[in-house]
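Student: Let me give you the structure first, and then I'll get to my questions.
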Amino acid sequence: MIEQVGGRREAGEASVQSSYVSEPADRGHGDAKRHARSRGVFVTGTGTGVGKTVVAAAIARTLAAAGQRVAVFKPAVTGLDELGDAAGPAAGPPPHIAGREADRRPDHDALRVAAKSAQPDEEIAPYRYGPPMSPHLAAELAGEEIDPARLLASARAAADGADVLVCEGVGGLLVPLAPRYSVRDLAVDLALPLVLAASPGLGTINHTLLTIEAARAAGLEVAAVVLTPWPDEPDEIERSNREMIAALGGVEVQVLGHLDLDEPGTWPALAL
């Protein structure tokens with residue numbers, strides 16, 4: 001199920017909004033306005049395990065179903081050791097994408113399936129590691145360092161020949177990919193609008209508004225927030241969280257329930 005709440009504010013609410021979340025900065029960290037804007041979207045989240053892959057897969061599937069040639073990209077994937085033999089496309093389809101993670105399927109493969117893409121692993125995720133940890137540490141333990149130039153070249157190569165690029169970040173915006181290069185830096189360099197995946201439950205207002213603040217301070221456009229997994233019968237807290245994020249963040253808020261990966265035809269369209 002997907003629904004949406006617009007970020008429209010009534011007169012008098014603008015001053016409240018500005019007390020919580022700043023408008024996009026004219027000049028900020030990297031300033032995305034200096035870069036030519038690509039056609040696509042960058043899916044980030046308020047942290048780890050909040051549904052970035054689910055949201056990115058839903059967007060990719062929606063675009064592919066509309067006849068778009070969709071390329072997908074994720075700068076780094078970690079935790080492949082935990083997937084065992086399922087850490088590759090030959091493992092076959094897992095039972096489902098449920099809630100906040102892709103069961104038994106690595107993120108880059110879930111994105112490939114959703115986008116109906118034939119991209120190889122190396123093109124979708126140029127850095128892939130076994131341990132479940134921050135990519136900068138996984139790279140360090142592997143005796144290497146993630147190269148921002150390689151990330152940008154890989155993302156642009158993935159987008160070549162496609163109509164649209166769906167990029168999924170790692171963790172949250174300020175997660176380091178390299179010692180002096182964060183997920184936010186990559187989003188700025190790619191100049192893509194953000195879609196923010198967040199939990200619908202208690203604590204999400206603060207986490208979500210902080211992420212919006214960090215994005216806008218860098219000159220990034222926040223296109224929408226998607227709360228997932230949205231329950232069939234949301235409680236008072238979840239409904240209030242949705243309303244407050246829309247009002248205080250000045251942003252469109254959509255909700256996304258559980259997705260069954262074996263039946264992508266049942267997925268609702270996530271139109272942004």
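Chain labels run A, B, ... following the order of the structure tokens; each chain numbers its residues from 1, and ligands are numbered from 1 in the order shown.
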Tell me which protein, DNA and RNA residues are within 8 Å of Val77 of chain A, counting only C-alpha atoms, leaving out same-chain ones fewer than 3 positions away, and put them as a list in words.

Tutor: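 Near Val77 of chain A, the qualifying residues are Lys74, Leu80, Pro106, Asp107, His108, Ala125, Tyr127, Arg128, Tyr129, Pro135 and Val170 of chain A.
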
Student: Do you know which residues are at most 6 Å from Gly79 of chain A counting only C-alpha atoms, after dropping those on the same chain fewer than 5 positions away, and could you put them as a VMD selection string?

Tutor: chain A and resid 130 to 132

Student: With C-alpha atoms retained, write the just-selected residues as a PDB file, in the first residue's frame.

Tutor:
ATOM      1  CA  GLY A 130      31.662  -9.940   3.278  1.00  0.00           C
ATOM      2  CA  PRO A 131      31.550  -8.450   6.789  1.00  0.00           C
ATOM      3  CA  PRO A 132      28.383  -6.603   7.901  1.00  0.00           C
TER       4      PRO A 132
END

Student: Which residue out of A:Thr204, A:Val166, A:Arg150, A:Ile124 has the minimum interatomic distance to Arg61 of chain A when only C-alpha atoms are used?

Tutor: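 Between A:Thr204, A:Val166, A:Arg150, A:Ile124, the residue approaching Arg61 of chain A most closely is A:Val166.
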
Student: Rank nothing, just name the residue among A:Gly171, A:Val188, A:Gly249, A:Val113 nearest to Asn206 of chain A, using only C-alpha atoms.

Tutor: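 Closest residue, counting only C-alpha atoms: A:Gly249.
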
Student: I need the residue nearest Leu220 of chain A from this list: A:Thr53, A:Thr44, A:Ser240, A:Thr62. Use only C-alpha atoms for the distance.

Tutor: A:Thr44

Student: From a backbone DSSP assignment, name each residue in segment 45-235 of chain A labelled helix (DSSP H, G or I), as a VMD selection string.

Tutor: chain A and resid 52 to 65 80 to 86 89 to 91 107 to 115 121 to 124 135 to 141 148 to 159 183 to 190 204 to 217

Student: Limited to C-alpha atoms, could you put the picked residues into a file as a PDB file, in the first residue's frame?

Tutor:
ATOM      1  CA  LYS A  52      16.276   1.730   1.528  1.00  0.00           C
ATOM      2  CA  THR A  53      16.447  -1.372  -0.677  1.00  0.00           C
ATOM      3  CA  VAL A  54      12.698  -1.876  -0.480  1.00  0.00           C
ATOM      4  CA  VAL A  55      12.024   1.730  -1.508  1.00  0.00           C
ATOM      5  CA  ALA A  56      14.680   1.723  -4.250  1.00  0.00           C
ATOM      6  CA  ALA A  57      13.305  -1.571  -5.613  1.00  0.00           C
ATOM      7  CA  ALA A  58       9.761  -0.216  -5.651  1.00  0.00           C
ATOM      8  CA  ILE A  59      10.874   2.896  -7.525  1.00  0.00           C
ATOM      9  CA  ALA A  60      12.906   0.865 -10.017  1.00  0.00           C
ATOM     10  CA  ARG A  61      10.014  -1.517 -10.606  1.00  0.00           C
ATOM     11  CA  THR A  62       7.558   1.342 -11.104  1.00  0.00           C
ATOM     12  CA  LEU A  63       9.793   2.961 -13.708  1.00  0.00           C
ATOM     13  CA  ALA A  64      10.515  -0.321 -15.492  1.00  0.00           C
ATOM     14  CA  ALA A  65       6.815  -1.187 -15.594  1.00  0.00           C
ATOM     15  CA  LEU A  80      27.581 -10.766   2.002  1.00  0.00           C
ATOM     16  CA  ASP A  81      29.088 -13.340   4.370  1.00  0.00           C
ATOM     17  CA  GLU A  82      25.760 -13.539   6.179  1.00  0.00           C
ATOM     18  CA  LEU A  83      23.977 -14.509   2.954  1.00  0.00           C
ATOM     19  CA  GLY A  84      26.125 -17.566   2.267  1.00  0.00           C
ATOM     20  CA  ASP A  85      25.319 -19.229  -1.036  1.00  0.00           C
ATOM     21  CA  ALA A  86      22.530 -16.737  -1.691  1.00  0.00           C
ATOM     22  CA  PRO A  89      22.162 -13.913  -8.861  1.00  0.00           C
ATOM     23  CA  ALA A  90      22.448 -17.669  -9.473  1.00  0.00           C
ATOM     24  CA  ALA A  91      20.868 -18.370  -6.096  1.00  0.00           C
ATOM     25  CA  ASP A 107      20.902  -5.484  -2.152  1.00  0.00           C
ATOM     26  CA  HIS A 108      22.438  -5.138  -5.608  1.00  0.00           C
ATOM     27  CA  ASP A 109      20.681  -8.290  -6.830  1.00  0.00           C
ATOM     28  CA  ALA A 110      17.326  -7.166  -5.422  1.00  0.00           C
ATOM     29  CA  LEU A 111      17.721  -3.898  -7.323  1.00  0.00           C
ATOM     30  CA  ARG A 112      18.646  -5.715 -10.533  1.00  0.00           C
ATOM     31  CA  VAL A 113      15.553  -7.936 -10.348  1.00  0.00           C
ATOM     32  CA  ALA A 114      13.255  -4.988  -9.604  1.00  0.00           C
ATOM     33  CA  ALA A 115      14.634  -2.944 -12.503  1.00  0.00           C
ATOM     34  CA  ASP A 121      27.449  -7.102 -10.200  1.00  0.00           C
ATOM     35  CA  GLU A 122      30.519  -4.949 -10.868  1.00  0.00           C
ATOM     36  CA  GLU A 123      28.457  -2.284 -12.588  1.00  0.00           C
ATOM     37  CA  ILE A 124      25.729  -2.145  -9.967  1.00  0.00           C
ATOM     38  CA  PRO A 135      31.879   0.269   3.966  1.00  0.00           C
ATOM     39  CA  HIS A 136      34.910   2.342   4.931  1.00  0.00           C
ATOM     40  CA  LEU A 137      35.835  -0.221   7.607  1.00  0.00           C
ATOM     41  CA  ALA A 138      35.078  -3.204   5.385  1.00  0.00           C
ATOM     42  CA  ALA A 139      37.366  -1.699   2.749  1.00  0.00           C
ATOM     43  CA  GLU A 140      40.088  -1.068   5.321  1.00  0.00           C
ATOM     44  CA  LEU A 141      39.950  -4.676   6.525  1.00  0.00           C
ATOM     45  CA  PRO A 148      35.298   8.325  -4.991  1.00  0.00           C
ATOM     46  CA  ALA A 149      36.400   8.775  -8.604  1.00  0.00           C
ATOM     47  CA  ARG A 150      35.692   5.114  -9.278  1.00  0.00           C
ATOM     48  CA  LEU A 151      32.256   5.438  -7.695  1.00  0.00           C
ATOM     49  CA  LEU A 152      31.336   8.391  -9.901  1.00  0.00           C
ATOM     50  CA  ALA A 153      32.678   6.728 -13.033  1.00  0.00           C
ATOM     51  CA  SER A 154      30.790   3.525 -12.209  1.00  0.00           C
ATOM     52  CA  ALA A 155      27.512   5.341 -11.549  1.00  0.00           C
ATOM     53  CA  ARG A 156      27.782   7.297 -14.778  1.00  0.00           C
ATOM     54  CA  ALA A 157      28.677   4.152 -16.715  1.00  0.00           C
ATOM     55  CA  ALA A 158      25.633   2.427 -15.262  1.00  0.00           C
ATOM     56  CA  ALA A 159      23.447   5.321 -16.382  1.00  0.00           C
ATOM     57  CA  VAL A 183      27.298   9.090   1.155  1.00  0.00           C
ATOM     58  CA  ARG A 184      26.139  12.715   1.131  1.00  0.00           C
ATOM     59  CA  ASP A 185      29.207  13.695  -0.906  1.00  0.00           C
ATOM     60  CA  LEU A 186      28.300  11.052  -3.476  1.00  0.00           C
ATOM     61  CA  ALA A 187      24.709  12.290  -3.670  1.00  0.00           C
ATOM     62  CA  VAL A 188      25.981  15.833  -4.195  1.00  0.00           C
ATOM     63  CA  ASP A 189      28.402  14.741  -6.907  1.00  0.00           C
ATOM     64  CA  LEU A 190      25.668  12.796  -8.717  1.00  0.00           C
ATOM     65  CA  THR A 204      11.332   8.645  13.373  1.00  0.00           C
ATOM     66  CA  ILE A 205      10.399  12.353  13.499  1.00  0.00           C
ATOM     67  CA  ASN A 206      13.777  13.357  14.916  1.00  0.00           C
ATOM     68  CA  HIS A 207      15.783  10.976  12.706  1.00  0.00           C
ATOM     69  CA  THR A 208      13.946  12.023   9.565  1.00  0.00           C
ATOM     70  CA  LEU A 209      14.096  15.788  10.173  1.00  0.00           C
ATOM     71  CA  LEU A 210      17.810  15.579  11.010  1.00  0.00           C
ATOM     72  CA  THR A 211      18.437  13.772   7.716  1.00  0.00           C
ATOM     73  CA  ILE A 212      16.403  16.343   5.792  1.00  0.00           C
ATOM     74  CA  GLU A 213      18.403  19.087   7.511  1.00  0.00           C
ATOM     75  CA  ALA A 214      21.704  17.440   6.551  1.00  0.00           C
ATOM     76  CA  ALA A 215      20.555  17.020   2.955  1.00  0.00           C
ATOM     77  CA  ARG A 216      19.365  20.586   2.492  1.00  0.00           C
ATOM     78  CA  ALA A 217      22.481  21.997   4.136  1.00  0.00           C
TER      79      ALA A 217
END

Student: Just to confirm, what's the straight-line distance from atom CA of Ala271 of chain A to atom CA of Thr46 of chain A in Å (one decimal)?

Tutor: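 Separation between atom CA of Ala271 of chain A and atom CA of Thr46 of chain A: 20.7 Å.
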
Student: In Å, how far is it from atom CA of Leu192 of chain A to atom CA of Gly265 of chain A?

Tutor: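 Answer for the atom CA of Leu192 of chain A to atom CA of Gly265 of chain A separation: 27.3 Å.
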
Student: When you count only C-alpha atoms, which of these residues is closest to Pro200 of chain A: A:Cys167, A:Leu227, A:Ala162, A:Val253?

Tutor: A:Leu227
